[in-house]
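**Student:** Dropping a structure here in structure tokens format, bear with me for questions.
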Amino acid sequence: MTTIIPTGAEHISTPFHVSGPDAPWYRVREAMDRHGNAVVHSTWGEWLTAAVAQPGLRPLLGRDWQRYRRTTDPTVRHRFVASRLVTKYAAAAALHTDPVELDLSYKVGGRPYLRGLDQIDVSLTHTDDLIAVGVSRDGRIGVDAEPAERRMSYDLLSGHVLTPAEREVLEQLGDAARRAAMLRLWTLKEAYTKALGQGLRLAFTEFGFGVDSGDLLGPDGRPAARGEWAFATHRVLGRYLLSVARHDAGLDSSRDTAPHTMLDEGFMGAVTELLG
């Protein structure tokens with residue numbers, strides 16, 4: 001794995017490969033203990049057996065079961081269930097619980113979240129056969145991936161993707177280096193806007209990154225953060241760029257991530273009222 005390390009990347013756990021339900025999920029718990037976040041990646045094909053032969057698939061998918069059953073295209077169907085399984089297994093490992101105990105839901109725009117577990121943030125991305133999931137207990141997290149050999153036209157896209165400061169730096173590079181830098185910036189911006197919950201609603205020309213440092217910058221190239229954001233880009237499986245954006249919200253850094261002690265007060269109040 002080749003890693004590009006921006007400033008602050010030491011606060012983001014190194015992504016690791018999970019090949020199925022029997023993967024070494026203890027590594028997620030170790031990453032959560034050390035960094036407050038964990039990032040895993042896999043391919044949907046590696047989860048095909050679990051998606052097809054899992055006897056408890058319906059309770060494991062929960063509210064996603066009906067969407068799974070309505071999807072008629074076999075490839076889309078298997079990719080969908082694989083991405084949800086990776087997400088649930090990763091979150092369950094971080095929370096020291098069973099995947100079936102988690103209720104995965106979605107906000108407007110499709111961003112996944114765990115109902116009743118407000119302090120845990122989840123981000124999911126997939127491209128080609130890659131699936132990647134980020135989990136954080138300290139603040140927002142966003143992940144994005146692209147094939148490392150994807151060719152992006154600088155002439156066509158630079159005005160929509162890059163800030164003036166970024167264009168000034170990239171125009172000094174050769175063609176190959178410029179394309180590589182632009183793709184990396186694209187994945188960083190995708191990861192950042194996902195962490196913010198904005199997706200493509202936030203124009204990529206409104207913020208930038210240091211081409212060498214990876215620091216968050218304004219359109220004019222001036223620093224736009226004070227250490228609360230960390231970013232990292234990794235090359236995974238030899239053929240993908242995976243970028244991670246992580247925000248430190250200054251939350252309680254307690255390592256207790258058991259679900260029964262992390263349920264938000266509103267949710268617990270509603271449960272108490274129903275049981276009362």
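Ligands are numbered from 1 in the order shown, residues from 1 within each chain, and chains are lettered A, B, ... in the order they appear in the structure tokens.
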Would you kindly return, as JSON, numbers by chain, each protein, DNA or RNA residue with an atom no farther than 12 Å from any atom of range 168-179 of chain A, considering only C-alpha atoms and excluding same-chain residues fewer than 6 positions away?

**Tutor:** {"A": [148, 149, 150, 151, 152, 153, 154, 155, 157, 158, 159, 162, 185, 186, 208, 209, 210, 211, 212, 219, 220, 221]}

**Student:** When you draw a straight line from CA of Asp138 in chain A to CA of Leu237 in chain A, how long is it in Å?

**Tutor:**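 Straight-line distance from CA of Asp138 in chain A to CA of Leu237 in chain A works out to 27.5 Å.
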
**Student:** Could you list, as a ChimeraX atom specification, every residue within 10 Å of Val52 in chain A, counting only C-alpha atoms and ignoring same-chain residues fewer than 4 positions away?

**Tutor:** /A:47-48,57,78,81-82

**Student:** Could you pull out the helix (DSSP H, G or I) residues of range 137-217 of chain A, going by DSSP on the backbone, and write them as a PDB file with N, CA and C atoms, in the first residue's frame?

**Tutor:**
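Generated file (result_4.pdb):
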ATOM      1  N   TYR A 154      -8.092  17.893 -17.192  1.00  0.00           N
ATOM      2  CA  TYR A 154      -7.802  19.139 -16.504  1.00  0.00           C
ATOM      3  C   TYR A 154      -8.486  20.311 -17.196  1.00  0.00           C
ATOM      4  N   ASP A 155      -8.441  20.332 -18.507  1.00  0.00           N
ATOM      5  CA  ASP A 155      -9.011  21.453 -19.257  1.00  0.00           C
ATOM      6  C   ASP A 155     -10.516  21.562 -19.046  1.00  0.00           C
ATOM      7  N   LEU A 156     -11.211  20.428 -18.995  1.00  0.00           N
ATOM      8  CA  LEU A 156     -12.661  20.449 -18.867  1.00  0.00           C
ATOM      9  C   LEU A 156     -13.134  20.646 -17.436  1.00  0.00           C
ATOM     10  N   LEU A 157     -12.384  20.139 -16.460  1.00  0.00           N
ATOM     11  CA  LEU A 157     -12.887  20.074 -15.088  1.00  0.00           C
ATOM     12  C   LEU A 157     -12.241  21.043 -14.110  1.00  0.00           C
ATOM     13  N   SER A 158     -11.077  21.566 -14.439  1.00  0.00           N
ATOM     14  CA  SER A 158     -10.353  22.376 -13.451  1.00  0.00           C
ATOM     15  C   SER A 158     -11.167  23.569 -12.974  1.00  0.00           C
ATOM     16  N   GLY A 159     -11.932  24.181 -13.859  1.00  0.00           N
ATOM     17  CA  GLY A 159     -12.725  25.345 -13.470  1.00  0.00           C
ATOM     18  C   GLY A 159     -13.878  25.006 -12.551  1.00  0.00           C
ATOM     19  N   HIS A 160     -14.272  23.715 -12.506  1.00  0.00           N
ATOM     20  CA  HIS A 160     -15.382  23.282 -11.655  1.00  0.00           C
ATOM     21  C   HIS A 160     -14.905  22.578 -10.388  1.00  0.00           C
ATOM     22  N   VAL A 161     -13.652  22.153 -10.383  1.00  0.00           N
ATOM     23  CA  VAL A 161     -13.158  21.325  -9.287  1.00  0.00           C
ATOM     24  C   VAL A 161     -12.113  22.035  -8.432  1.00  0.00           C
ATOM     25  N   PRO A 164      -8.599  28.784  -7.449  1.00  0.00           N
ATOM     26  CA  PRO A 164      -7.515  29.480  -8.148  1.00  0.00           C
ATOM     27  C   PRO A 164      -6.135  29.108  -7.625  1.00  0.00           C
ATOM     28  N   ALA A 165      -6.007  28.945  -6.296  1.00  0.00           N
ATOM     29  CA  ALA A 165      -4.715  28.591  -5.714  1.00  0.00           C
ATOM     30  C   ALA A 165      -4.275  27.195  -6.156  1.00  0.00           C
ATOM     31  N   GLU A 166      -5.213  26.256  -6.212  1.00  0.00           N
ATOM     32  CA  GLU A 166      -4.872  24.903  -6.652  1.00  0.00           C
ATOM     33  C   GLU A 166      -4.475  24.885  -8.123  1.00  0.00           C
ATOM     34  N   ARG A 167      -5.205  25.622  -8.954  1.00  0.00           N
ATOM     35  CA  ARG A 167      -4.879  25.657 -10.378  1.00  0.00           C
ATOM     36  C   ARG A 167      -3.492  26.241 -10.609  1.00  0.00           C
ATOM     37  N   GLU A 168      -3.154  27.251  -9.814  1.00  0.00           N
ATOM     38  CA  GLU A 168      -1.842  27.871  -9.965  1.00  0.00           C
ATOM     39  C   GLU A 168      -0.728  26.859  -9.716  1.00  0.00           C
ATOM     40  N   VAL A 169      -0.921  25.979  -8.723  1.00  0.00           N
ATOM     41  CA  VAL A 169       0.095  24.967  -8.418  1.00  0.00           C
ATOM     42  C   VAL A 169       0.095  23.872  -9.475  1.00  0.00           C
ATOM     43  N   LEU A 170      -1.084  23.378  -9.842  1.00  0.00           N
ATOM     44  CA  LEU A 170      -1.154  22.262 -10.779  1.00  0.00           C
ATOM     45  C   LEU A 170      -0.672  22.631 -12.177  1.00  0.00           C
ATOM     46  N   ASP A 175       1.894  16.706 -17.287  1.00  0.00           N
ATOM     47  CA  ASP A 175       0.552  16.174 -17.501  1.00  0.00           C
ATOM     48  C   ASP A 175       0.214  15.037 -16.546  1.00  0.00           C
ATOM     49  N   ALA A 176       1.100  14.059 -16.413  1.00  0.00           N
ATOM     50  CA  ALA A 176       0.818  12.900 -15.568  1.00  0.00           C
ATOM     51  C   ALA A 176       0.694  13.305 -14.099  1.00  0.00           C
ATOM     52  N   ALA A 177       1.611  14.136 -13.633  1.00  0.00           N
ATOM     53  CA  ALA A 177       1.566  14.590 -12.240  1.00  0.00           C
ATOM     54  C   ALA A 177       0.332  15.445 -11.992  1.00  0.00           C
ATOM     55  N   ARG A 178      -0.065  16.230 -12.976  1.00  0.00           N
ATOM     56  CA  ARG A 178      -1.250  17.081 -12.839  1.00  0.00           C
ATOM     57  C   ARG A 178      -2.513  16.231 -12.715  1.00  0.00           C
ATOM     58  N   ARG A 179      -2.620  15.204 -13.553  1.00  0.00           N
ATOM     59  CA  ARG A 179      -3.797  14.328 -13.492  1.00  0.00           C
ATOM     60  C   ARG A 179      -3.866  13.601 -12.150  1.00  0.00           C
ATOM     61  N   ALA A 180      -2.712  13.121 -11.675  1.00  0.00           N
ATOM     62  CA  ALA A 180      -2.683  12.412 -10.396  1.00  0.00           C
ATOM     63  C   ALA A 180      -3.067  13.334  -9.246  1.00  0.00           C
ATOM     64  N   ALA A 181      -2.551  14.563  -9.262  1.00  0.00           N
ATOM     65  CA  ALA A 181      -2.859  15.524  -8.208  1.00  0.00           C
ATOM     66  C   ALA A 181      -4.330  15.908  -8.229  1.00  0.00           C
ATOM     67  N   MET A 182      -4.884  16.061  -9.429  1.00  0.00           N
ATOM     68  CA  MET A 182      -6.284  16.448  -9.546  1.00  0.00           C
ATOM     69  C   MET A 182      -7.207  15.341  -9.036  1.00  0.00           C
ATOM     70  N   LEU A 183      -6.861  14.088  -9.327  1.00  0.00           N
ATOM     71  CA  LEU A 183      -7.674  12.974  -8.846  1.00  0.00           C
ATOM     72  C   LEU A 183      -7.618  12.890  -7.328  1.00  0.00           C
ATOM     73  N   ARG A 184      -6.431  13.083  -6.768  1.00  0.00           N
ATOM     74  CA  ARG A 184      -6.309  13.059  -5.308  1.00  0.00           C
ATOM     75  C   ARG A 184      -7.112  14.179  -4.672  1.00  0.00           C
ATOM     76  N   LEU A 185      -7.046  15.383  -5.234  1.00  0.00           N
ATOM     77  CA  LEU A 185      -7.819  16.503  -4.711  1.00  0.00           C
ATOM     78  C   LEU A 185      -9.313  16.223  -4.807  1.00  0.00           C
ATOM     79  N   TRP A 186      -9.729  15.581  -5.893  1.00  0.00           N
ATOM     80  CA  TRP A 186     -11.140  15.243  -6.070  1.00  0.00           C
ATOM     81  C   TRP A 186     -11.617  14.328  -4.940  1.00  0.00           C
ATOM     82  N   THR A 187     -10.842  13.282  -4.633  1.00  0.00           N
ATOM     83  CA  THR A 187     -11.267  12.352  -3.584  1.00  0.00           C
ATOM     84  C   THR A 187     -11.254  13.018  -2.212  1.00  0.00           C
ATOM     85  N   LEU A 188     -10.289  13.895  -1.971  1.00  0.00           N
ATOM     86  CA  LEU A 188     -10.264  14.621  -0.701  1.00  0.00           C
ATOM     87  C   LEU A 188     -11.487  15.523  -0.560  1.00  0.00           C
ATOM     88  N   LYS A 189     -11.855  16.187  -1.643  1.00  0.00           N
ATOM     89  CA  LYS A 189     -13.010  17.094  -1.583  1.00  0.00           C
ATOM     90  C   LYS A 189     -14.310  16.312  -1.411  1.00  0.00           C
ATOM     91  N   GLU A 190     -14.409  15.176  -2.087  1.00  0.00           N
ATOM     92  CA  GLU A 190     -15.577  14.319  -1.902  1.00  0.00           C
ATOM     93  C   GLU A 190     -15.667  13.854  -0.451  1.00  0.00           C
ATOM     94  N   ALA A 191     -14.547  13.404   0.104  1.00  0.00           N
ATOM     95  CA  ALA A 191     -14.550  12.920   1.484  1.00  0.00           C
ATOM     96  C   ALA A 191     -14.934  14.039   2.453  1.00  0.00           C
ATOM     97  N   TYR A 192     -14.396  15.236   2.225  1.00  0.00           N
ATOM     98  CA  TYR A 192     -14.682  16.378   3.106  1.00  0.00           C
ATOM     99  C   TYR A 192     -16.159  16.762   3.062  1.00  0.00           C
ATOM    100  N   THR A 193     -16.729  16.861   1.861  1.00  0.00           N
ATOM    101  CA  THR A 193     -18.143  17.247   1.762  1.00  0.00           C
ATOM    102  C   THR A 193     -19.051  16.152   2.303  1.00  0.00           C
ATOM    103  N   LYS A 194     -18.648  14.891   2.180  1.00  0.00           N
ATOM    104  CA  LYS A 194     -19.422  13.807   2.785  1.00  0.00           C
ATOM    105  C   LYS A 194     -19.399  13.917   4.303  1.00  0.00           C
ATOM    106  N   ALA A 195     -18.225  14.232   4.856  1.00  0.00           N
ATOM    107  CA  ALA A 195     -18.135  14.403   6.309  1.00  0.00           C
ATOM    108  C   ALA A 195     -19.029  15.549   6.782  1.00  0.00           C
ATOM    109  N   LEU A 196     -19.117  16.589   5.977  1.00  0.00           N
ATOM    110  CA  LEU A 196     -19.975  17.723   6.315  1.00  0.00           C
ATOM    111  C   LEU A 196     -21.455  17.413   6.111  1.00  0.00           C
ATOM    112  N   GLY A 199     -22.324  16.565   0.472  1.00  0.00           N
ATOM    113  CA  GLY A 199     -22.204  15.934  -0.831  1.00  0.00           C
ATOM    114  C   GLY A 199     -21.769  16.937  -1.882  1.00  0.00           C
ATOM    115  N   LEU A 200     -22.371  16.867  -3.053  1.00  0.00           N
ATOM    116  CA  LEU A 200     -22.001  17.771  -4.142  1.00  0.00           C
ATOM    117  C   LEU A 200     -22.697  19.120  -4.037  1.00  0.00           C
ATOM    118  N   ARG A 201     -23.432  19.365  -2.947  1.00  0.00           N
ATOM    119  CA  ARG A 201     -24.105  20.657  -2.798  1.00  0.00           C
ATOM    120  C   ARG A 201     -23.124  21.777  -2.484  1.00  0.00           C
ATOM    121  N   PHE A 204     -16.901  22.642  -5.181  1.00  0.00           N
ATOM    122  CA  PHE A 204     -15.512  22.285  -4.926  1.00  0.00           C
ATOM    123  C   PHE A 204     -14.566  23.467  -5.112  1.00  0.00           C
ATOM    124  N   THR A 205     -15.011  24.528  -5.753  1.00  0.00           N
ATOM    125  CA  THR A 205     -14.164  25.709  -5.928  1.00  0.00           C
ATOM    126  C   THR A 205     -14.194  26.626  -4.706  1.00  0.00           C
ATOM    127  N   GLU A 206     -15.020  26.289  -3.714  1.00  0.00           N
ATOM    128  CA  GLU A 206     -15.152  27.137  -2.528  1.00  0.00           C
ATOM    129  C   GLU A 206     -14.160  26.765  -1.433  1.00  0.00           C
TER     130      GLU A 206
END

**Student:** Figure out the distance between CA of Ala23 in chain A and CA of Ser83 in chain A, please, to one decimal in Å.

**Tutor:** 15.0 Å
